[in-house]
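Structure data (compact mmCIF, C-alpha atoms) from model.txt:
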# COMPACT_ATOMS: atom_id res chain seq x y z
CA MET I 656 0.83 -7.30 27.50
CA SER I 657 -1.36 -4.31 28.28
CA TYR I 658 -5.09 -4.76 28.99
CA PHE I 659 -7.91 -2.36 28.19
CA ASP I 660 -11.62 -2.78 28.88
CA PHE I 661 -14.30 -1.13 26.74
CA SER I 662 -16.81 -3.96 27.19
CA HIS I 663 -19.23 -1.73 29.11
CA TYR I 664 -20.24 0.03 25.87
CA ALA I 665 -23.30 -1.30 24.03
CA HIS I 666 -21.49 -0.79 20.71
CA LEU I 667 -18.22 0.80 19.65
CA GLN I 668 -16.76 2.08 16.37
CA VAL I 669 -13.07 1.08 16.27
CA GLY I 670 -10.56 2.45 13.77
CA VAL I 671 -7.49 0.33 13.05
CA VAL I 672 -4.22 1.55 11.52
CA SER I 673 -0.64 0.36 11.25
CA ASP I 674 2.71 1.09 9.67
CA THR I 675 2.51 4.86 9.61
CA HIS I 676 6.31 5.22 9.92
CA GLY I 677 5.99 8.83 11.09
CA HIS I 678 3.20 9.94 8.73
CA ILE I 679 -0.53 9.22 8.62
CA ASP I 680 -2.38 9.80 5.37
CA ALA I 681 -4.97 12.61 5.46
CA GLY I 682 -7.60 10.39 3.82
CA VAL I 683 -7.12 7.76 6.51
CA GLN I 684 -7.45 10.44 9.18
CA ASP I 685 -10.72 11.58 7.61
CA ARG I 686 -12.04 8.00 7.61
CA LEU I 687 -11.26 7.67 11.35
CA LEU I 688 -13.46 10.64 12.27
CA GLY I 689 -16.27 9.43 14.50
CA CYS I 690 -14.36 6.46 15.88
CA GLU I 691 -14.59 6.00 19.63
CA LEU I 692 -11.38 3.97 19.80
CA ILE I 693 -8.33 3.78 17.52
CA LEU I 694 -5.86 0.89 17.54
CA HIS I 695 -2.37 1.25 16.04
CA ALA I 696 -0.62 -2.05 15.24
CA GLY I 697 2.93 -0.72 15.35
CA ASP I 698 5.67 0.93 13.32
CA ILE I 699 4.24 4.22 14.51
CA GLY I 700 7.42 6.14 13.75
CA SER I 701 6.84 9.23 15.87
CA SER I 702 4.80 10.50 18.79
CA ARG I 703 3.45 13.08 16.32
CA VAL I 704 1.31 10.32 14.76
CA LEU I 705 -0.14 9.41 18.17
CA HIS I 706 -0.91 13.07 18.88
CA GLN I 707 -2.69 13.35 15.51
CA LEU I 708 -4.76 10.26 16.31
CA ARG I 709 -5.61 11.61 19.77
CA GLY I 710 -6.86 14.75 18.04
CA ILE I 711 -9.40 12.53 16.25
CA CYS I 712 -10.30 10.26 19.15
CA GLN I 713 -9.68 10.36 22.90
CA HIS I 714 -8.92 6.63 23.17
CA VAL I 715 -5.85 5.51 21.19
CA ILE I 716 -4.12 2.20 21.93
CA PRO I 717 -0.82 1.61 20.15
CA VAL I 718 1.65 -1.27 20.25
CA ARG I 719 5.32 -1.14 19.29
CA GLY I 720 6.56 -2.38 15.96
CA ASN I 721 10.04 -3.57 15.01
CA ASN I 722 10.87 -0.03 13.80
CA ASP I 723 9.65 1.64 17.01
CA ILE I 724 13.09 1.85 18.59
CA THR I 725 14.98 4.71 20.21
CA GLY I 726 17.33 4.98 17.23
CA LYS I 727 14.40 5.87 14.96
CA TRP I 728 12.42 8.15 17.31
CA LEU I 729 13.54 11.63 18.36
CA PRO I 730 15.26 11.73 21.78
CA GLN I 731 12.47 13.87 23.25
CA GLU I 732 9.98 11.11 22.27
CA HIS I 733 11.79 8.24 24.03
CA ALA I 734 9.70 8.42 27.23
CA GLU I 735 6.46 8.11 25.24
CA LEU I 736 7.96 5.25 23.20
CA ALA I 737 9.01 3.41 26.38
CA ALA I 738 5.40 3.49 27.63
CA ILE I 739 4.10 1.58 24.58
CA SER I 740 3.64 -2.17 25.05
CA GLU I 741 4.54 -4.79 22.44
CA THR I 742 1.09 -6.39 22.68
CA ALA I 743 -2.33 -5.43 24.00
CA LYS I 744 -5.65 -7.12 24.67
CA VAL I 745 -8.72 -4.95 24.25
CA GLN I 746 -12.10 -6.10 25.61
CA LEU I 747 -14.93 -4.76 23.47
CA PRO I 748 -18.68 -5.29 23.29
CA GLY I 749 -19.11 -8.93 22.23
CA GLY I 750 -15.47 -10.02 22.33
CA SER I 751 -11.83 -9.00 22.37
CA ILE I 752 -9.00 -7.96 20.07
CA ALA I 753 -5.40 -9.06 20.49
CA LEU I 754 -3.15 -6.31 19.12
CA THR I 755 0.44 -7.00 17.99
CA HIS I 756 2.78 -5.87 15.25
CA GLY I 757 3.18 -9.44 14.03
CA ASP I 758 6.85 -9.40 13.05
CA ALA I 759 7.67 -12.16 15.58
CA PHE I 760 5.23 -14.58 13.91
CA ASN I 761 7.23 -16.08 11.05
CA PRO I 762 7.48 -17.33 8.40
CA PRO I 763 4.95 -15.01 6.71
CA ALA I 764 3.24 -17.95 4.98
CA ARG I 765 2.34 -19.37 8.42
CA ARG I 766 1.75 -16.06 10.21
CA HIS I 767 -2.04 -16.35 10.48
CA LYS I 768 -1.83 -19.91 11.82
CA LYS I 769 0.79 -18.89 14.40
CA LEU I 770 -1.19 -15.82 15.45
CA ARG I 771 -4.31 -17.96 15.94
CA GLN I 772 -2.33 -20.50 17.99
CA HIS I 773 -0.90 -17.75 20.21
CA PHE I 774 -4.07 -15.67 20.74
CA THR I 775 -6.67 -18.46 20.99
CA ASP I 776 -9.13 -16.59 23.22
CA ALA I 777 -9.45 -13.45 21.04
CA THR I 778 -12.38 -12.72 18.74
CA ALA I 779 -9.97 -11.00 16.34
CA ILE I 780 -6.22 -10.52 16.07
CA VAL I 781 -4.96 -7.27 14.61
CA TYR I 782 -1.39 -7.11 13.31
CA GLY I 783 0.69 -4.93 11.02
CA HIS I 784 4.23 -5.33 9.64
CA SER I 785 3.41 -6.65 6.15
CA HIS I 786 1.85 -3.37 4.93
CA GLU I 787 -0.84 -5.51 3.25
CA LEU I 788 -4.55 -4.97 3.84
CA VAL I 789 -5.99 -8.34 4.96
CA CYS I 790 -9.31 -9.47 6.43
CA ASP I 791 -9.06 -13.21 7.11
CA GLN I 792 -12.44 -14.09 8.60
CA GLU I 793 -12.44 -17.73 7.50
CA GLU I 794 -11.75 -18.94 11.06
CA THR I 795 -12.02 -17.64 14.59
CA PRO I 796 -10.19 -15.70 15.75
CA TRP I 797 -10.26 -13.44 12.72
CA VAL I 798 -6.85 -12.19 11.58
CA LEU I 799 -6.91 -8.59 10.41
CA ASN I 800 -4.22 -6.29 9.03
CA PRO I 801 -5.13 -2.67 8.22
CA GLY I 802 -2.22 -2.30 5.76
CA ALA I 803 -0.04 0.81 5.78
CA ALA I 804 -1.73 4.06 6.84
CA GLY I 805 1.26 6.20 5.86
CA LYS I 806 3.52 6.67 2.83
CA ALA I 807 5.97 3.79 3.33
CA ARG I 808 5.14 0.81 1.12
CA ALA I 809 1.42 1.64 1.06
CA LYS I 810 0.65 -1.06 -1.49
CA GLY I 811 -2.25 0.26 -3.58
CA GLY I 812 -2.65 3.34 -1.38
CA ALA I 813 -2.85 4.05 2.34
CA SER I 814 -5.46 1.98 4.15
CA CYS I 815 -7.23 1.27 7.44
CA LEU I 816 -10.00 -0.86 8.90
CA LEU I 817 -13.19 0.12 10.69
CA ILE I 818 -14.70 -2.41 13.06
CA SER I 819 -18.22 -1.94 14.37
CA THR I 820 -18.55 -3.92 17.58
CA ALA I 821 -21.73 -4.78 19.43
CA THR I 822 -22.66 -7.46 21.93
CA HIS I 823 -24.10 -9.80 19.27
CA GLN I 824 -22.34 -8.79 16.04
CA TRP I 825 -19.08 -7.42 14.68
CA LYS I 826 -18.59 -5.99 11.21
CA VAL I 827 -15.26 -5.18 9.54
CA CYS I 828 -14.98 -2.63 6.70
CA LYS I 829 -11.83 -2.06 4.64
CA PHE I 830 -10.90 1.41 3.43
CA ARG I 831 -8.18 2.37 0.95
CA VAL I 832 -7.18 5.87 -0.13
CA ARG I 833 -6.80 5.67 -3.88
CA LYS I 834 -4.06 7.82 -5.32
CA PRO I 835 -4.65 9.53 -8.68
CA ALA I 836 -3.01 7.69 -11.60
How does the structure come out when it is put into structure tokens?
Amino acid sequence: MSYFDFSHYAHLQVGVVSDTHGHIDAGVQDRLLGCELILHAGDIGSSRVLHQLRGICQHVIPVRGNNDITGKWLPQEHAELAAISETAKVQLPGGSIALTHGDAFNPPARRHKKLRQHFTDATAIVYGHSHELVCDQEETPWVLNPGAAGKARAKGGASCLLISTATHQWKVCKFRVRKPA
């Protein structure tokens, strides 16, 4: 697990994406403008996506997904892929986020329960894999999935989350790019 500390900020705007599979939707990119940190919950698909995100925001923290393997990334991208952890813990103002792709937490019907059991000390758990936009804030830690930010299985359109963090309050906003009918 990789560790990152942004707790020294008074507040932080965090963009959250997942399941880009080599392409990030332009509407999602626009929504991430102004974020001070971007988290990618795996199935990145290409270092090109990470470079696009770094063009929006200096601080980008990705984790590997089950499709982030050398057979699916270009050979010249393998060194960058090897540097990406499978999980990360990110300290933020007022709490922390555990970041994982989520594919190891099965069956899907029990995924949230298993994630909460594994990451007990987090304020929120961010995962991907299902391509479904989810904000489960019924219990702590929250379990959040930004859905698919690319073209692959973007159920209802590409999506992302924005999390405003501050010492005493966090707020999660969902965003979906609606495609014309």
Pick out the residues sitting within 7 Å of region 729-746 of chain I, and hand them over as a PyMOL selection string; count all atoms listed in the file, and ignore anything fewer than 2 positions along from it in its own chain. chain I and resi 656-662+702+717-719+725+727+750-755
Create the file for the chosen residues now, containing C-alpha atoms and written as a PDB file, in the coordinates of the input.
ATOM      1  CA  MET I 656       0.830  -7.300  27.500  1.00  0.00           C
ATOM      2  CA  SER I 657      -1.360  -4.310  28.280  1.00  0.00           C
ATOM      3  CA  TYR I 658      -5.090  -4.760  28.990  1.00  0.00           C
ATOM      4  CA  PHE I 659      -7.910  -2.360  28.190  1.00  0.00           C
ATOM      5  CA  ASP I 660     -11.620  -2.780  28.880  1.00  0.00           C
ATOM      6  CA  PHE I 661     -14.300  -1.130  26.740  1.00  0.00           C
ATOM      7  CA  SER I 662     -16.810  -3.960  27.190  1.00  0.00           C
ATOM      8  CA  SER I 702       4.800  10.500  18.790  1.00  0.00           C
ATOM      9  CA  PRO I 717      -0.820   1.610  20.150  1.00  0.00           C
ATOM     10  CA  VAL I 718       1.650  -1.270  20.250  1.00  0.00           C
ATOM     11  CA  ARG I 719       5.320  -1.140  19.290  1.00  0.00           C
ATOM     12  CA  THR I 725      14.980   4.710  20.210  1.00  0.00           C
ATOM     13  CA  LYS I 727      14.400   5.870  14.960  1.00  0.00           C
ATOM     14  CA  GLY I 750     -15.470 -10.020  22.330  1.00  0.00           C
ATOM     15  CA  SER I 751     -11.830  -9.000  22.370  1.00  0.00           C
ATOM     16  CA  ILE I 752      -9.000  -7.960  20.070  1.00  0.00           C
ATOM     17  CA  ALA I 753      -5.400  -9.060  20.490  1.00  0.00           C
ATOM     18  CA  LEU I 754      -3.150  -6.310  19.120  1.00  0.00           C
ATOM     19  CA  THR I 755       0.440  -7.000  17.990  1.00  0.00           C
TER      20      THR I 755
END
Please identify all polymer residues within 12 Å of Gly710 (chain I), counting all atoms listed in the file, omitting same-chain residues fewer than 5 positions from it, and present them as a VMD selection string. chain I and resid 684 to 685 687 to 693 703 to 705 715
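Distance-wise, CA of Gly783 (chain I) and CA of His663 (chain I) end up 27.1 Å apart.
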So how far away is CA of Asp680 (chain I) from CA of Ala803 (chain I), in Å? 9.3 Å
Closest of I:Asn722, I:Thr820, I:Gln792, I:Gln713 to Ser701 (chain I) - atom-to-atom distances counting only C-alpha atoms: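 Nearest to Ser701 (chain I): I:Asn722.
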In Å, how far is it from CA of Val827 (chain I) to CA of His666 (chain I)? 13.5 Å
Using only C-alpha atoms for the distances, tell me which of I:Lys826, I:Lys810, I:His676, I:His714 is nearest to Trp797 (chain I).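 Among I:Lys826, I:Lys810, I:His676, I:His714, it is I:Lys826 that comes nearest to Trp797 (chain I).
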